[in-house]
Each structure stands twice: as structure tokens, then as C-alpha cells.
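Here is model_36.cif, consisting of mmCIF, C-alpha atoms:
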```cif
data_work
#
loop_
_atom_site.group_PDB
_atom_site.id
_atom_site.type_symbol
_atom_site.label_atom_id
_atom_site.label_comp_id
_atom_site.auth_asym_id
_atom_site.auth_seq_id
_atom_site.Cartn_x
_atom_site.Cartn_y
_atom_site.Cartn_z
ATOM 1 C CA MET A 41 -26.873 33.577 12.162
ATOM 2 C CA ARG A 42 -26.672 31.450 15.304
ATOM 3 C CA VAL A 43 -27.869 27.852 15.079
ATOM 4 C CA LYS A 44 -30.166 26.636 17.816
ATOM 5 C CA PRO A 45 -28.189 24.451 20.253
ATOM 6 C CA ILE A 46 -29.022 20.833 20.873
ATOM 7 C CA GLU A 47 -30.847 20.422 24.160
ATOM 8 C CA LEU A 48 -30.597 16.995 25.782
ATOM 9 C CA SER A 49 -32.573 15.479 28.610
ATOM 10 C CA GLU A 50 -30.594 13.888 31.428
ATOM 11 C CA SER A 51 -31.604 10.395 30.235
ATOM 12 C CA GLU A 52 -30.354 11.196 26.699
ATOM 13 C CA ARG A 53 -27.058 12.432 28.157
ATOM 14 C CA ASP A 54 -26.739 9.211 30.165
ATOM 15 C CA GLN A 55 -27.481 7.102 27.088
ATOM 16 C CA LEU A 56 -24.904 8.982 25.027
ATOM 17 C CA ARG A 57 -22.251 8.681 27.751
ATOM 18 C CA ARG A 58 -22.947 4.939 28.078
ATOM 19 C CA MET A 59 -22.662 4.579 24.302
ATOM 20 C CA ILE A 60 -19.320 6.421 24.298
ATOM 21 C CA ARG A 61 -17.926 4.203 27.075
ATOM 22 C CA LYS A 62 -19.288 0.821 26.054
ATOM 23 C CA GLY A 63 -20.418 1.033 22.437
ATOM 24 C CA SER A 64 -18.984 -1.571 20.085
ATOM 25 C CA ASP A 65 -19.077 0.583 16.932
ATOM 26 C CA TRP A 66 -16.507 3.386 16.828
ATOM 27 C CA ARG A 67 -18.629 5.432 14.399
ATOM 28 C CA GLU A 68 -21.579 5.328 16.764
ATOM 29 C CA ARG A 69 -19.333 6.343 19.681
ATOM 30 C CA GLU A 70 -17.925 9.264 17.684
ATOM 31 C CA ARG A 71 -21.398 10.465 16.665
ATOM 32 C CA ALA A 72 -22.560 10.280 20.288
ATOM 33 C CA GLN A 73 -19.517 12.326 21.337
ATOM 34 C CA THR A 74 -20.346 14.901 18.664
ATOM 35 C CA ILE A 75 -23.903 15.323 19.964
ATOM 36 C CA LEU A 76 -22.693 15.711 23.566
ATOM 37 C CA MET A 77 -20.126 18.302 22.511
ATOM 38 C CA LEU A 78 -22.737 20.239 20.502
ATOM 39 C CA SER A 79 -25.108 20.197 23.477
ATOM 40 C CA ASP A 80 -22.292 21.594 25.655
ATOM 41 C CA GLY A 81 -22.093 24.596 23.321
ATOM 42 C CA GLN A 82 -18.872 23.773 21.465
ATOM 43 C CA THR A 83 -18.613 25.105 17.932
ATOM 44 C CA VAL A 84 -18.847 22.973 14.821
ATOM 45 C CA VAL A 85 -15.334 23.960 13.755
ATOM 46 C CA ALA A 86 -13.814 23.115 17.158
ATOM 47 C CA ILE A 87 -15.508 19.694 17.229
ATOM 48 C CA ALA A 88 -14.433 18.980 13.637
ATOM 49 C CA GLU A 89 -10.816 19.771 14.513
ATOM 50 C CA GLN A 90 -10.951 17.604 17.635
ATOM 51 C CA GLN A 91 -12.470 14.643 15.799
ATOM 52 C CA GLY A 92 -10.430 15.046 12.632
ATOM 53 C CA VAL A 93 -13.412 15.441 10.299
ATOM 54 C CA LYS A 94 -14.732 18.250 8.120
ATOM 55 C CA PRO A 95 -17.156 20.750 9.669
ATOM 56 C CA GLU A 96 -19.857 19.645 7.227
ATOM 57 C CA ALA A 97 -19.745 16.146 8.789
ATOM 58 C CA ILE A 98 -20.537 17.690 12.174
ATOM 59 C CA ARG A 99 -23.356 19.762 10.686
ATOM 60 C CA GLU A 100 -24.784 16.643 9.047
ATOM 61 C CA ARG A 101 -24.711 14.767 12.370
ATOM 62 C CA ARG A 102 -26.528 17.675 13.980
ATOM 63 C CA ARG A 103 -29.212 17.722 11.247
ATOM 64 C CA LYS A 104 -29.717 13.974 11.553
ATOM 65 C CA TRP A 105 -29.961 14.278 15.354
ATOM 66 C CA TRP A 106 -32.702 16.909 15.066
ATOM 67 C CA LYS A 107 -34.572 14.695 12.614
ATOM 68 C CA ASN A 108 -34.121 11.222 14.188
ATOM 69 C CA GLY A 109 -32.649 11.654 17.676
ATOM 70 C CA MET A 110 -30.941 8.505 19.034
ATOM 71 C CA ASN A 111 -31.841 6.611 15.837
ATOM 72 C CA SER A 112 -29.420 8.836 13.918
ATOM 73 C CA LEU A 113 -26.358 7.351 15.640
ATOM 74 C CA PRO A 114 -26.143 3.775 14.253
ATOM 75 C CA ASP A 115 -25.084 3.205 10.648
ATOM 76 C CA GLN A 116 -28.027 2.982 8.291
ATOM 77 C CA PRO A 117 -28.307 0.151 5.750
ATOM 78 C CA ARG A 118 -26.236 0.817 2.678
ATOM 79 C CA SER A 119 -27.403 0.442 -0.876
ATOM 80 C CA GLY A 120 -25.951 -2.144 -3.162
ATOM 81 C CA ALA A 121 -26.736 -5.102 -5.325
ATOM 82 C CA PRO A 122 -28.860 -7.805 -3.722
ATOM 83 C CA SER A 123 -27.121 -11.049 -2.830
ATOM 84 C CA LYS A 124 -26.878 -13.577 -5.639
ATOM 85 C CA LEU A 125 -27.144 -16.392 -3.108
ATOM 86 C CA THR A 126 -30.405 -17.519 -1.576
ATOM 87 C CA ASP A 127 -30.830 -19.253 1.781
ATOM 88 C CA ALA A 128 -31.021 -22.538 -0.121
ATOM 89 C CA HIS A 129 -27.613 -21.819 -1.696
ATOM 90 C CA ARG A 130 -26.169 -20.990 1.730
ATOM 91 C CA SER A 131 -27.552 -24.232 3.160
ATOM 92 C CA GLN A 132 -25.992 -26.192 0.297
ATOM 93 C CA LEU A 133 -22.655 -24.428 0.838
ATOM 94 C CA LYS A 134 -22.791 -25.347 4.526
ATOM 95 C CA VAL A 135 -23.414 -29.023 3.661
ATOM 96 C CA TRP A 136 -20.458 -29.039 1.266
ATOM 97 C CA MET A 137 -18.187 -27.219 3.723
ATOM 98 C CA ASP A 138 -19.052 -29.550 6.597
ATOM 99 C CA ALA A 139 -18.563 -32.670 4.455
ATOM 100 C CA GLU A 140 -15.046 -31.908 3.215
ATOM 101 C CA PRO A 141 -12.507 -29.086 3.001
ATOM 102 C CA LEU A 142 -12.928 -27.265 -0.316
ATOM 103 C CA THR A 143 -11.350 -24.232 -1.919
ATOM 104 C CA CYS A 144 -13.411 -21.234 -2.943
ATOM 105 C CA ARG A 145 -12.869 -22.114 -6.584
ATOM 106 C CA ALA A 146 -14.209 -25.633 -6.021
ATOM 107 C CA LEU A 147 -17.261 -24.227 -4.246
ATOM 108 C CA VAL A 148 -17.842 -21.686 -7.037
ATOM 109 C CA SER A 149 -17.630 -24.501 -9.578
ATOM 110 C CA ARG A 150 -20.129 -26.630 -7.622
ATOM 111 C CA LEU A 151 -22.521 -23.695 -7.317
ATOM 112 C CA THR A 152 -22.294 -22.982 -11.052
ATOM 113 C CA VAL A 153 -22.860 -26.615 -12.058
ATOM 114 C CA GLY A 154 -25.415 -27.476 -9.372
ATOM 115 C CA SER A 155 -27.456 -24.276 -9.170
ATOM 116 C CA GLY A 156 -26.549 -22.215 -12.209
ATOM 117 C CA VAL A 157 -25.302 -19.406 -9.932
ATOM 118 C CA THR A 158 -22.280 -17.538 -11.254
ATOM 119 C CA ILE A 159 -20.304 -15.591 -8.627
ATOM 120 C CA SER A 160 -16.653 -14.742 -8.216
ATOM 121 C CA ALA A 161 -14.398 -16.420 -5.668
ATOM 122 C CA GLY A 162 -14.096 -13.065 -3.850
ATOM 123 C CA THR A 163 -17.868 -12.716 -3.545
ATOM 124 C CA LEU A 164 -18.063 -16.273 -2.225
ATOM 125 C CA ARG A 165 -15.279 -15.567 0.294
ATOM 126 C CA ASN A 166 -17.223 -12.553 1.601
ATOM 127 C CA GLU A 167 -20.389 -14.637 1.869
ATOM 128 C CA LEU A 168 -18.531 -17.418 3.716
ATOM 129 C CA LYS A 169 -17.154 -14.855 6.178
ATOM 130 C CA ARG A 170 -20.709 -13.619 6.848
ATOM 131 C CA MET A 171 -21.704 -17.233 7.468
ATOM 132 C CA GLY A 172 -18.921 -17.593 10.040
ATOM 133 C CA TYR A 173 -16.365 -19.558 8.014
ATOM 134 C CA VAL A 174 -12.722 -18.573 7.830
#
```
When written as C-alpha cells, how does the structure in this file appear?
Amino acid sequence: MRVKPIELSESERDQLRRMIRKGSDWRERERAQTILMLSDGQTVVAIAEQQGVKPEAIRERRRKWWKNGMNSLPDQPRSGAPSKLTDAHRSQLKVWMDAEPLTCRALVSRLTVGSGVTISAGTLRNELKRMGYV
């Protein structure tokens, strides 16, 4: 059984090429390349070998393209536990960080005593990175 090829308009091709050249996310660039290669008639197996992925990954990209078009290229939000910190906690952390240099353990201790929030030092480090602290 032959699968129907992906047909792209010229504007979609241009968008995909631009994404491949200037995109900041390597996954998005690779997915765009996959769609262009599929539209050029290359086989799933050949593309998988070229990109170093399993053929099923290429088939999945093709299915998502048919369903969502350009919206299928960026990463979708991932599931996971909600953050234990609220915006108020983040604001308080910022005040403490700007006032004096503190270790993660000291910040965790202050959060536990001041707000009753219990998080690990690793979780706090990740949150501080998201807030722009090093």
C-alpha cells in the first residue's frame, strides 16, 4: 500500500526552509527537514537513516503534519507535576536573592519556615535557572 505523499504549497516550503536555516530549536529544524524530504518523495526508511531515527518517528511526524500542519513542528507542552512555587514565592525569592548572596539550602530553609513550602535544593535550583539566576 502506498501512502499519499505530502503536498506543500510554495509558501509552506519557504516557511520550512526558513525554519531549517534560522530556527533556534534543533528538534523543530529536524521535523521541518523531515516534512520537506517527505514532500520530495523520499521514503520513510531513507529519511530515518539520514536523520538517525527510527522509521516510526518519521511516520509519526507525517501523521502529525497531516493533522496539524505547521503547528506540529514545535514541541508541545509536556505533562508533569505542577510547580510547588507560586508567583508570590518567586517574588519573595527574588527579594532574598537581591538582598544578599544565599545558598540553595538557605533559600529552601527560608521558604520552609516562611511559607511552609517544602522543596528540594535541586528543584529550587531549576526554578532559579528559569528565573534567570545562575
With distances taken over only C-alpha atoms, which of A:Ile159, A:Leu48, A:Ala128, A:Leu168 is nearest to Asp80 in chain A?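 Going through A:Ile159, A:Leu48, A:Ala128, A:Leu168 one by one, the smallest distance to Asp80 in chain A is for A:Leu48.
CA of Leu113 in chain A sits 8.3 Å away from CA of Arg101 in chain A.
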Just how far from CA of Gly81 in chain A is CA of Pro114 in chain A, in Å to one decimal?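 Going from CA of Pro114 in chain A over to CA of Gly81 in chain A, I get 23.1 Å.
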Let me make sure I understand: among A:Ala161, A:Val153, A:Val43, A:Ile60, which one has the smallest atom-to-atom distance to Arg99 in chain A if we use all atoms listed in the file? A:Val43
Among the residues A:Arg71, A:Arg150, A:Lys124, A:Arg103, the one that comes closest to Gln91 in chain A [using all atoms listed in the file]: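 Looking only at the distances to Gln91 in chain A, the closest residue turns out to be A:Arg71.
Of the listed residues A:Ile98, A:Val84, A:Leu151, A:Thr74, the one whose atoms come nearest to Lys134 in chain A is A:Leu151, with distances taken using only C-alpha atoms.
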Coordinates-based distance that separates CA of Ala72 in chain A from CA of Ser49 in chain A (Å, one decimal):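 These atoms are spaced 14.0 Å apart.
Using all atoms listed in the file, the shortest contact distance between Gln116 in chain A and any of A:Thr83, A:Asn166, A:Arg67, A:Glu50 is found at A:Arg67.
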How would you write, as a count of residues only, the residues chosen by the PyMOL selection byres ((chain A and resi 123) around 12) on this structure? 18
As a tab-separated table (two decimals), in the coordinates of the input, please: range 66-77 of chain A completed to all heavy atoms.
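Okay, this is what ended up in part-v4.tsv:
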```
chain	number	residue	atom	x	y	z
A	66	TRP	N	-17.23	2.13	16.61
A	66	TRP	CA	-16.51	3.39	16.83
A	66	TRP	C	-17.22	4.57	16.18
A	66	TRP	O	-17.18	5.68	16.69
A	66	TRP	CB	-15.07	3.28	16.32
A	66	TRP	CG	-14.93	3.14	14.83
A	66	TRP	CD1	-14.89	1.98	14.11
A	66	TRP	CD2	-14.82	4.21	13.88
A	66	TRP	NE1	-14.76	2.26	12.77
A	66	TRP	CE2	-14.71	3.61	12.59
A	66	TRP	CE3	-14.80	5.58	13.97
A	66	TRP	CZ2	-14.60	4.35	11.44
A	66	TRP	CZ3	-14.67	6.32	12.81
A	66	TRP	CH2	-14.57	5.70	11.55
A	67	ARG	N	-17.91	4.33	15.05
A	67	ARG	CA	-18.63	5.43	14.40
A	67	ARG	C	-19.77	5.93	15.28
A	67	ARG	O	-19.99	7.13	15.41
A	67	ARG	CB	-19.19	4.98	13.05
A	67	ARG	CG	-18.14	4.70	12.01
A	67	ARG	CD	-18.81	4.18	10.74
A	67	ARG	NE	-17.86	3.60	9.84
A	67	ARG	CZ	-17.52	2.32	9.83
A	67	ARG	NH1	-18.08	1.48	10.67
A	67	ARG	NH2	-16.63	1.87	8.97
A	68	GLU	N	-20.47	4.99	15.88
A	68	GLU	CA	-21.58	5.33	16.76
A	68	GLU	C	-21.07	6.10	17.99
A	68	GLU	O	-21.67	7.08	18.41
A	68	GLU	CB	-22.27	4.03	17.20
A	68	GLU	CG	-23.68	4.18	17.63
A	68	GLU	CD	-24.34	2.83	17.81
A	68	GLU	OE1	-24.45	2.07	16.83
A	68	GLU	OE2	-24.78	2.55	18.95
A	69	ARG	N	-19.93	5.65	18.53
A	69	ARG	CA	-19.33	6.34	19.68
A	69	ARG	C	-18.94	7.77	19.31
A	69	ARG	O	-19.17	8.71	20.06
A	69	ARG	CB	-18.11	5.58	20.19
A	69	ARG	CG	-18.44	4.27	20.87
A	69	ARG	CD	-17.24	3.69	21.62
A	69	ARG	NE	-16.02	3.64	20.85
A	69	ARG	CZ	-15.61	2.60	20.14
A	69	ARG	NH1	-16.34	1.51	20.10
A	69	ARG	NH2	-14.48	2.63	19.48
A	70	GLU	N	-18.35	7.93	18.12
A	70	GLU	CA	-17.92	9.26	17.68
A	70	GLU	C	-19.13	10.18	17.46
A	70	GLU	O	-19.10	11.36	17.81
A	70	GLU	CB	-17.09	9.16	16.41
A	70	GLU	CG	-16.46	10.48	16.01
A	70	GLU	CD	-15.53	10.33	14.83
A	70	GLU	OE1	-16.01	10.43	13.68
A	70	GLU	OE2	-14.32	10.11	15.06
A	71	ARG	N	-20.19	9.65	16.88
A	71	ARG	CA	-21.40	10.46	16.66
A	71	ARG	C	-22.01	10.88	18.00
A	71	ARG	O	-22.47	12.02	18.16
A	71	ARG	CB	-22.41	9.69	15.83
A	71	ARG	CG	-21.97	9.49	14.40
A	71	ARG	CD	-22.96	8.63	13.62
A	71	ARG	NE	-22.36	8.22	12.37
A	71	ARG	CZ	-22.38	6.97	11.91
A	71	ARG	NH1	-23.00	6.02	12.58
A	71	ARG	NH2	-21.80	6.67	10.77
A	72	ALA	N	-22.03	9.96	18.96
A	72	ALA	CA	-22.56	10.28	20.29
A	72	ALA	C	-21.73	11.39	20.93
A	72	ALA	O	-22.27	12.32	21.54
A	72	ALA	CB	-22.57	9.03	21.17
A	73	GLN	N	-20.41	11.30	20.79
A	73	GLN	CA	-19.52	12.33	21.34
A	73	GLN	C	-19.80	13.67	20.69
A	73	GLN	O	-19.84	14.70	21.37
A	73	GLN	CB	-18.05	11.92	21.10
A	73	GLN	CG	-17.06	12.88	21.72
A	73	GLN	CD	-17.09	12.82	23.23
A	73	GLN	OE1	-17.04	11.76	23.81
A	73	GLN	NE2	-17.18	13.96	23.88
A	74	THR	N	-20.03	13.67	19.39
A	74	THR	CA	-20.35	14.90	18.66
A	74	THR	C	-21.59	15.56	19.24
A	74	THR	O	-21.60	16.76	19.51
A	74	THR	CB	-20.58	14.61	17.16
A	74	THR	OG1	-19.39	14.06	16.61
A	74	THR	CG2	-20.97	15.86	16.41
A	75	ILE	N	-22.64	14.78	19.46
A	75	ILE	CA	-23.90	15.32	19.96
A	75	ILE	C	-23.71	15.90	21.37
A	75	ILE	O	-24.20	16.99	21.68
A	75	ILE	CB	-25.01	14.25	19.95
A	75	ILE	CG1	-25.26	13.75	18.52
A	75	ILE	CG2	-26.30	14.78	20.58
A	75	ILE	CD1	-25.56	14.82	17.50
A	76	LEU	N	-22.96	15.19	22.21
A	76	LEU	CA	-22.69	15.71	23.57
A	76	LEU	C	-21.93	17.03	23.50
A	76	LEU	O	-22.23	17.98	24.22
A	76	LEU	CB	-21.90	14.70	24.39
A	76	LEU	CG	-22.70	13.65	25.14
A	76	LEU	CD1	-21.76	12.70	25.87
A	76	LEU	CD2	-23.67	14.28	26.10
A	77	MET	N	-20.93	17.09	22.62
A	77	MET	CA	-20.13	18.30	22.51
A	77	MET	C	-20.98	19.47	21.99
A	77	MET	O	-20.84	20.59	22.46
A	77	MET	CB	-18.92	18.04	21.60
A	77	MET	CG	-17.94	17.05	22.21
A	77	MET	SD	-16.77	16.41	21.01
A	77	MET	CE	-15.45	17.59	21.19
```
